[in-house]
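J.: Contents of structure_6.txt (compact mmCIF, C-alpha atoms) are given next:
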```
# COMPACT_ATOMS: atom_id res chain seq x y z
CA MET A 921 0.00 0.00 0.00
CA THR A 922 1.21 3.51 -0.76
CA GLY A 923 1.75 6.04 1.99
CA PRO A 924 -0.77 8.73 2.94
CA SER A 925 -1.37 11.41 0.33
CA GLY A 926 -3.45 14.53 -0.10
CA VAL A 927 -5.82 15.80 2.59
CA GLY A 928 -7.12 13.44 5.27
CA ILE A 929 -8.92 13.53 8.59
CA GLY A 930 -8.56 11.81 11.94
CA TRP A 931 -11.12 9.00 12.13
CA ARG A 932 -13.22 9.08 15.29
CA PRO A 933 -16.43 7.11 15.99
CA GLU A 934 -18.32 10.36 16.64
CA ILE A 935 -17.74 11.57 13.06
CA ALA A 936 -17.57 8.21 11.29
CA GLY A 937 -20.71 8.97 9.26
CA PHE A 938 -19.31 12.31 8.11
CA VAL A 939 -15.97 10.78 7.17
CA ALA A 940 -17.66 7.95 5.23
CA GLU A 941 -19.40 10.49 2.99
CA LEU A 942 -16.26 12.40 1.93
CA PRO A 943 -16.03 11.52 -1.77
CA GLY A 944 -12.37 12.41 -2.36
CA LEU A 945 -10.93 11.01 0.87
CA ARG A 946 -7.73 9.00 0.40
CA PHE A 947 -6.43 8.56 3.94
CA VAL A 948 -7.39 8.70 7.61
CA GLU A 949 -5.56 8.29 10.87
CA VAL A 950 -6.89 6.27 13.79
CA VAL A 951 -5.77 6.29 17.42
CA ALA A 952 -4.12 2.88 17.72
CA GLU A 953 -5.22 2.32 21.31
CA SER A 954 -8.88 2.66 20.24
CA VAL A 955 -8.63 -0.39 17.94
CA HIS A 956 -8.88 -3.85 19.46
CA ALA A 957 -9.49 -7.33 18.04
CA GLU A 958 -11.56 -6.14 15.08
CA LEU A 959 -11.85 -2.92 13.13
CA PRO A 960 -14.83 -0.69 13.94
CA PRO A 961 -17.37 -1.05 11.11
CA GLY A 962 -16.88 2.45 9.71
CA LEU A 963 -13.12 2.01 9.54
CA ALA A 964 -13.44 -1.41 7.92
CA GLU A 965 -15.66 0.11 5.23
CA LEU A 966 -13.08 2.79 4.49
CA ARG A 967 -10.39 0.15 4.10
CA ALA A 968 -12.66 -1.75 1.71
CA ARG A 969 -12.85 1.45 -0.37
CA GLY A 970 -9.08 1.60 -0.56
CA VAL A 971 -8.66 4.47 1.90
CA THR A 972 -5.24 4.37 3.58
CA VAL A 973 -5.40 4.04 7.38
CA VAL A 974 -2.47 5.15 9.55
CA PRO A 975 -2.43 4.00 13.21
CA HIS A 976 -1.37 6.79 15.56
CA GLY A 977 -0.10 5.69 18.97
CA VAL A 978 -0.45 7.82 22.09
CA ARG A 979 0.79 5.55 24.91
CA LEU A 980 4.14 4.04 23.98
CA SER A 981 6.06 6.64 26.02
CA LEU A 982 9.02 6.62 23.64
CA GLY A 983 10.69 9.36 25.67
CA GLY A 984 10.48 7.54 28.98
CA ALA A 985 13.58 6.58 30.92
CA GLU A 986 12.26 3.03 31.15
CA PRO A 987 12.28 0.62 28.18
CA VAL A 988 9.16 0.81 26.06
CA ASP A 989 6.50 -1.74 27.06
CA PRO A 990 6.70 -4.71 24.63
CA ALA A 991 2.96 -5.36 24.95
CA ARG A 992 2.14 -1.83 23.81
CA VAL A 993 4.51 -2.14 20.86
CA ALA A 994 2.93 -5.50 19.98
CA HIS A 995 -0.52 -3.90 20.00
CA LEU A 996 0.61 -1.12 17.67
CA ALA A 997 2.10 -3.76 15.37
CA ARG A 998 -1.17 -5.75 15.38
CA VAL A 999 -3.20 -2.68 14.49
CA ALA A 1000 -0.80 -1.87 11.64
CA GLU A 1001 -1.32 -5.34 10.24
CA LEU A 1002 -5.09 -5.21 10.78
CA VAL A 1003 -5.47 -2.02 8.71
CA GLU A 1004 -2.67 -2.91 6.26
CA ALA A 1005 -0.96 0.36 7.18
CA PRO A 1006 1.97 1.75 5.21
CA LEU A 1007 3.42 3.25 8.43
CA VAL A 1008 2.58 4.01 12.04
CA SER A 1009 3.25 7.12 14.13
CA GLU A 1010 3.91 8.00 17.76
CA HIS A 1011 5.08 10.95 19.86
CA ILE A 1012 8.43 12.15 21.11
CA ALA A 1013 7.16 12.40 24.67
CA PHE A 1014 6.69 10.39 27.85
CA VAL A 1015 3.43 9.35 29.48
CA ARG A 1016 4.59 7.21 32.39
CA ALA A 1017 7.36 6.91 34.94
CA GLY A 1018 7.88 4.64 37.94
CA GLY A 1019 4.69 2.76 37.13
CA LEU A 1020 2.54 5.91 37.16
CA GLU A 1021 0.46 6.91 34.14
CA ALA A 1022 0.22 10.64 33.50
CA GLY A 1023 -2.68 10.43 31.06
CA HIS A 1024 -1.04 13.16 28.98
CA LEU A 1025 1.82 13.57 26.55
CA LEU A 1026 4.60 15.21 28.55
CA PRO A 1027 7.56 17.11 27.05
CA LEU A 1028 11.14 15.96 27.36
CA PRO A 1029 14.15 18.04 28.26
CA ARG A 1030 16.10 18.57 25.06
CA SER A 1031 19.22 16.97 26.48
CA ARG A 1032 21.71 14.41 25.21
CA GLU A 1033 20.39 11.99 27.82
CA ALA A 1034 16.85 12.40 26.50
CA VAL A 1035 18.03 11.88 22.93
CA ALA A 1036 19.66 8.61 23.99
CA ALA A 1037 16.50 7.46 25.79
CA VAL A 1038 14.26 8.24 22.81
CA VAL A 1039 16.64 6.61 20.33
CA ALA A 1040 16.85 3.43 22.42
CA ASN A 1041 13.09 3.13 22.71
CA VAL A 1042 12.46 3.96 19.06
CA ARG A 1043 14.90 1.24 18.03
CA ARG A 1044 13.19 -1.24 20.36
CA ALA A 1045 9.84 -0.37 18.77
CA GLN A 1046 11.16 -0.46 15.21
CA ALA A 1047 12.52 -3.96 15.77
CA GLU A 1048 8.98 -5.23 16.42
CA LEU A 1049 6.94 -3.09 14.03
CA PRO A 1050 6.07 -4.44 10.57
CA VAL A 1051 6.12 -0.97 8.96
CA PRO A 1052 8.14 2.28 9.29
CA LEU A 1053 7.64 4.62 12.24
CA ALA A 1054 7.04 8.38 12.04
CA LEU A 1055 7.77 10.52 15.11
CA GLU A 1056 5.73 13.53 16.17
CA PRO A 1057 7.10 16.35 18.37
CA ILE A 1058 4.45 17.57 20.82
CA ALA A 1059 3.16 20.98 21.88
CA ALA A 1060 4.56 22.16 25.21
CA LEU A 1061 3.88 25.11 27.47
CA PHE A 1062 7.46 25.38 28.77
CA ASP A 1063 11.09 24.47 28.23
CA TRP A 1064 13.05 22.42 30.77
CA PRO A 1065 15.88 24.29 32.51
CA ASP A 1066 18.45 21.65 31.52
CA ASP A 1067 17.86 21.87 27.76
CA GLU A 1068 21.10 21.40 25.83
CA LEU A 1069 19.71 21.44 22.28
CA ASP A 1070 17.22 23.58 20.42
CA GLU A 1071 14.13 21.99 18.89
CA ALA A 1072 15.55 21.52 15.39
CA ASP A 1073 18.80 19.91 16.55
CA PHE A 1074 16.96 17.71 19.06
CA LEU A 1075 14.59 16.35 16.40
CA THR A 1076 17.25 15.97 13.74
CA GLU A 1077 19.56 13.99 16.03
CA ILE A 1078 16.73 11.58 16.88
CA LEU A 1079 15.71 11.14 13.24
CA ASP A 1080 19.31 10.67 12.10
CA ALA A 1081 20.02 8.06 14.77
CA THR A 1082 16.84 6.04 14.15
CA GLY A 1083 16.07 6.48 10.47
CA ALA A 1084 12.50 7.35 11.44
CA THR A 1085 10.46 9.84 9.46
CA LEU A 1086 8.85 12.99 10.84
CA LEU A 1087 5.18 13.55 11.59
CA LEU A 1088 5.19 17.34 11.64
CA ASP A 1089 2.32 19.00 13.48
CA VAL A 1090 2.13 22.61 12.30
CA ALA A 1091 -0.36 23.40 15.07
CA ASN A 1092 2.28 22.28 17.58
CA VAL A 1093 4.89 24.42 15.80
CA HIS A 1094 2.54 27.39 16.14
CA ALA A 1095 1.73 26.62 19.78
CA ASN A 1096 5.37 26.23 20.77
CA ALA A 1097 6.34 29.46 19.05
CA ARG A 1098 3.58 31.35 20.83
CA ASN A 1099 4.31 29.85 24.24
CA ARG A 1100 8.11 29.77 24.08
CA GLY A 1101 8.68 32.93 22.11
CA GLY A 1102 10.25 31.31 19.04
CA ASP A 1103 9.90 31.92 15.32
CA PRO A 1104 7.89 29.13 13.63
CA LEU A 1105 9.29 29.92 10.18
CA ALA A 1106 12.86 29.75 11.47
CA LEU A 1107 12.12 26.27 12.83
CA LEU A 1108 10.67 25.14 9.50
CA ASP A 1109 13.82 26.36 7.76
CA ARG A 1110 15.98 24.12 9.95
CA LEU A 1111 13.91 20.93 9.97
CA PRO A 1112 14.60 18.05 7.53
CA LEU A 1113 11.42 18.66 5.55
CA ASP A 1114 12.42 15.97 3.06
CA ARG A 1115 11.78 13.43 5.82
CA VAL A 1116 8.21 14.48 6.62
CA ALA A 1117 5.85 11.52 6.24
CA TYR A 1118 2.71 13.60 6.77
CA VAL A 1119 1.48 16.65 8.64
CA HIS A 1120 -1.06 17.27 11.41
CA VAL A 1121 -3.23 20.40 11.45
CA ALA A 1122 -5.48 21.24 14.38
CA GLY A 1123 -7.18 24.05 16.24
CA GLY A 1124 -6.45 25.59 19.60
CA ALA A 1125 -7.35 28.42 21.92
CA GLU A 1126 -5.75 31.13 24.06
CA ARG A 1127 -6.24 30.61 27.79
CA GLY A 1128 -4.44 32.24 30.67
CA GLY A 1129 -1.81 33.79 28.45
CA PHE A 1130 -0.94 30.48 26.75
CA TYR A 1131 -1.99 28.93 23.48
CA HIS A 1132 -3.42 25.46 24.08
CA ASP A 1133 -3.43 22.83 21.32
CA THR A 1134 -6.95 21.67 22.10
CA HIS A 1135 -8.05 19.78 18.95
CA THR A 1136 -11.55 20.99 19.90
CA ASP A 1137 -11.44 24.49 18.38
CA PRO A 1138 -11.35 25.67 14.77
CA VAL A 1139 -8.00 25.84 12.99
CA PRO A 1140 -6.86 29.47 13.35
CA PRO A 1141 -5.72 31.51 10.34
CA GLU A 1142 -2.15 31.58 11.68
CA VAL A 1143 -1.92 27.79 11.47
CA LEU A 1144 -3.30 27.77 7.92
CA ASP A 1145 -0.73 30.44 7.03
CA LEU A 1146 1.94 28.15 8.46
CA VAL A 1147 0.65 25.32 6.25
CA GLY A 1148 1.10 27.59 3.25
CA ALA A 1149 4.61 28.55 4.35
CA LEU A 1150 5.52 24.90 4.83
CA CYS A 1151 4.20 23.92 1.41
CA ALA A 1152 6.09 26.80 -0.21
CA ARG A 1153 9.29 25.35 1.23
CA ARG A 1154 8.53 21.69 0.56
CA ARG A 1155 5.02 20.35 0.25
CA PRO A 1156 4.54 17.23 2.38
CA PRO A 1157 2.94 14.12 0.89
CA ALA A 1158 -0.18 14.45 3.06
CA LEU A 1159 -1.91 16.68 5.59
CA LEU A 1160 -4.44 15.57 8.18
CA LEU A 1161 -7.09 17.52 10.09
CA GLU A 1162 -7.33 16.50 13.76
CA ARG A 1163 -10.52 16.92 15.78
CA ASP A 1164 -11.00 15.31 19.17
CA GLY A 1165 -14.22 16.66 20.60
CA HIS A 1166 -16.74 19.52 20.39
CA TYR A 1167 -17.36 18.41 16.83
CA PRO A 1168 -18.96 21.19 14.77
CA PRO A 1169 -21.76 20.68 12.24
CA ALA A 1170 -20.77 18.96 9.00
CA PRO A 1171 -20.59 22.21 6.96
CA ALA A 1172 -18.01 23.62 9.38
CA LEU A 1173 -15.89 20.46 9.17
CA ARG A 1174 -16.11 20.53 5.39
CA ALA A 1175 -15.01 24.16 5.40
CA GLU A 1176 -11.95 23.29 7.50
CA LEU A 1177 -11.01 20.48 5.11
CA ASP A 1178 -11.51 22.82 2.14
CA ALA A 1179 -9.33 25.47 3.79
CA LEU A 1180 -6.60 22.89 4.34
CA ALA A 1181 -6.79 21.87 0.69
CA ALA A 1182 -6.61 25.51 -0.40
CA ALA A 1183 -3.60 26.24 1.84
CA SER A 1184 -1.71 23.17 0.62
CA GLY A 1185 -2.75 23.08 -3.01
CA TYR A 1186 -4.08 19.54 -2.76
CA PRO A 1187 -7.49 18.55 -4.23
CA VAL A 1188 -10.54 19.00 -2.06
CA VAL A 1189 -11.93 15.83 -0.50
CA THR A 1190 -15.41 17.17 0.29
```
Would you put the structure from the file into structure tokens?

T.:
Amino acid sequence: MTGPSGVGIGWRPEIAGFVAELPGLRFVEVVAESVHAELPPGLAELRARGVTVVPHGVRLSLGGAEPVDPARVAHLARVAELVEAPLVSEHIAFVRAGGLEAGHLLPLPRSREAVAAVVANVRRAQAELPVPLALEPIAALFDWPDDELDEADFLTEILDATGATLLLDVANVHANARNRGGDPLALLDRLPLDRVAYVHVAGGAERGGFYHDTHTDPVPPEVLDLVGALCARRRPPALLLERDGHYPPAPALRAELDALAAASGYPVVT
């Protein structure tokens, strides 16, 4: 199966009917931990239509100091085989430590020690996965005081050491620039854009002086502008709209997909 291409959307049970009716849809992403022994009916029907499905993990904790849990890797591998995925994706983050589950994706210090931990866990996962792995940097509200690397160097060292591809979330790039005071375009100019497997686009909101990557709000114009800037530098193979709650009426979702197509130059899927 070929990799993801064009404009896609995150598949969720709450919007399965909407997604099923998108005539030009070529790929979706599904949260791997939400898939069990059998595919949900709506997702199985998309696969039967030839729509590419990419499993997206949220609980491997690739950035944890402890070795990645083999059972969680095995589950991600099973889901990849179930949907005949061309690749899987996960986050450069940690979600557990000392047996405690945080329930959230937590940022790593950009240190040499953290690079080594991520690389070790990514290699452990890659050894058991049947398809390539794409890594997604997360949105964070703060930097750790013991950072040794900037964002671009941190990501590039991990990708170089593992051979993984990059799942670039432009909403996270926007959020981090707003919250940390960086320049999102300067980051794009230093990332290995030739290694981007696909791109996430999502909405967020300002709260308490911080920009929160909520996935429950509309995509702001600044993020769409960043999509255009990215595509002007090097257009990625695929872009995906993420929504994880407070789903708007179908016309609003179609408008967001159309805006993503317009910003990227890919055909509309609506």

J.: Using CA of Val1188 in chain A and CA of Val939 in chain A as the two end points, give the distance in Å to one decimal.

T.: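 Computed distance, CA of Val1188 in chain A to CA of Val939 in chain A, equals 13.5 Å.
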
J.: For range 1063-1085 of chain A versus range 1001-1011 of chain A, which residues have an atom no more than 12 Å away, and what is each residue's nearest atom pair and distance in Å rounded to one decimal, using all atoms listed in the file, chain-then-number order, as JSON lines?

T.:
```
{"residue": "A:Leu1075", "atom": "CA", "partner": "A:His1011", "partner_atom": "CA", "distance": 11.5}
{"residue": "A:Ala1084", "atom": "CA", "partner": "A:Ser1009", "partner_atom": "CA", "distance": 9.6}
{"residue": "A:Thr1085", "atom": "CA", "partner": "A:Ser1009", "partner_atom": "CA", "distance": 9.0}
```

J.: Please, could you write that set of residues out with C-alpha atoms as a compact mmCIF listing (two decimals), in the frame of the given file?

T.:
```txt
# COMPACT_ATOMS: atom_id res chain seq x y z
CA LEU A 1075 14.59 16.35 16.40
CA ALA A 1084 12.50 7.35 11.44
CA THR A 1085 10.46 9.84 9.46
```

J.: To test the calculation: enclose all listed atoms of range 1112-1124 of chain A in a box whose edges run along x, y and z, add 3 Å on each side, then state centre and edge lengths in Å to one decimal, as JSON.

T.:
```
{"center_x": 3.7, "center_y": 18.6, "center_z": 11.3, "size_x": 27.8, "size_y": 20.1, "size_z": 22.5}
```

J.: Between A:Leu1159, A:Val1035, A:Ile1078, A:Ala940, which has the minimum distance to Ala1117 in chain A (counting only C-alpha atoms)?

T.: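 Among the listed residues, A:Leu1159 lies closest to Ala1117 in chain A.
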
J.: Please determine, counting only C-alpha atoms, which residue among A:Leu1069, A:Pro1104, A:Arg1098, A:Pro1157 has the shortest atom-to-atom distance to Gly1129 in chain A.

T.: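 Among A:Leu1069, A:Pro1104, A:Arg1098, A:Pro1157, it is A:Arg1098 that comes nearest to Gly1129 in chain A.
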
J.: Identify which of the residues A:Arg1153, A:Arg1044, A:His976, A:Arg1163 lies closest to Asp1114 in chain A, counting only C-alpha atoms when measuring atom-to-atom distances.

T.: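 That would be A:Arg1153, the residue with the smallest distance to Asp1114 in chain A.
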
J.: Could you state the separation of CA of Val1116 in chain A and CA of Glu1071 in chain A in Å, given to one decimal place?

T.: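 Computing it gives 15.6 Å between the two atoms.
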
J.: Just the residues within 9 Å of Ala985 in chain A, please, counting all atoms listed in the file, with nothing from its chain fewer than 3 positions along; format it as a PyMOL selection string.

T.: chain A and resi 981-982+988+1014+1017+1034+1037-1038+1041

J.: Given all atoms listed in the file as the basis, pick out the residue of A:Gly1102, A:Ala1149, A:Glu941, A:Ser954 nearest to Ala1072 in chain A.

T.: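 Among the listed residues, A:Gly1102 lies closest to Ala1072 in chain A.
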
J.: Determine the nearest neighbour of Ala1091 in chain A from the options A:Leu1049, A:Leu1028, A:Ala957, A:Leu1144, counting only C-alpha atoms.

T.: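 Residue with the minimum atom-to-atom distance to Ala1091 in chain A: A:Leu1144.
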
J.: Report the distance between CA of Glu1068 in chain A and CA of Leu980 in chain A in Å, rounded to one decimal place.

T.: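 Spanning CA of Glu1068 in chain A to CA of Leu980 in chain A is a straight-line distance of 24.3 Å.
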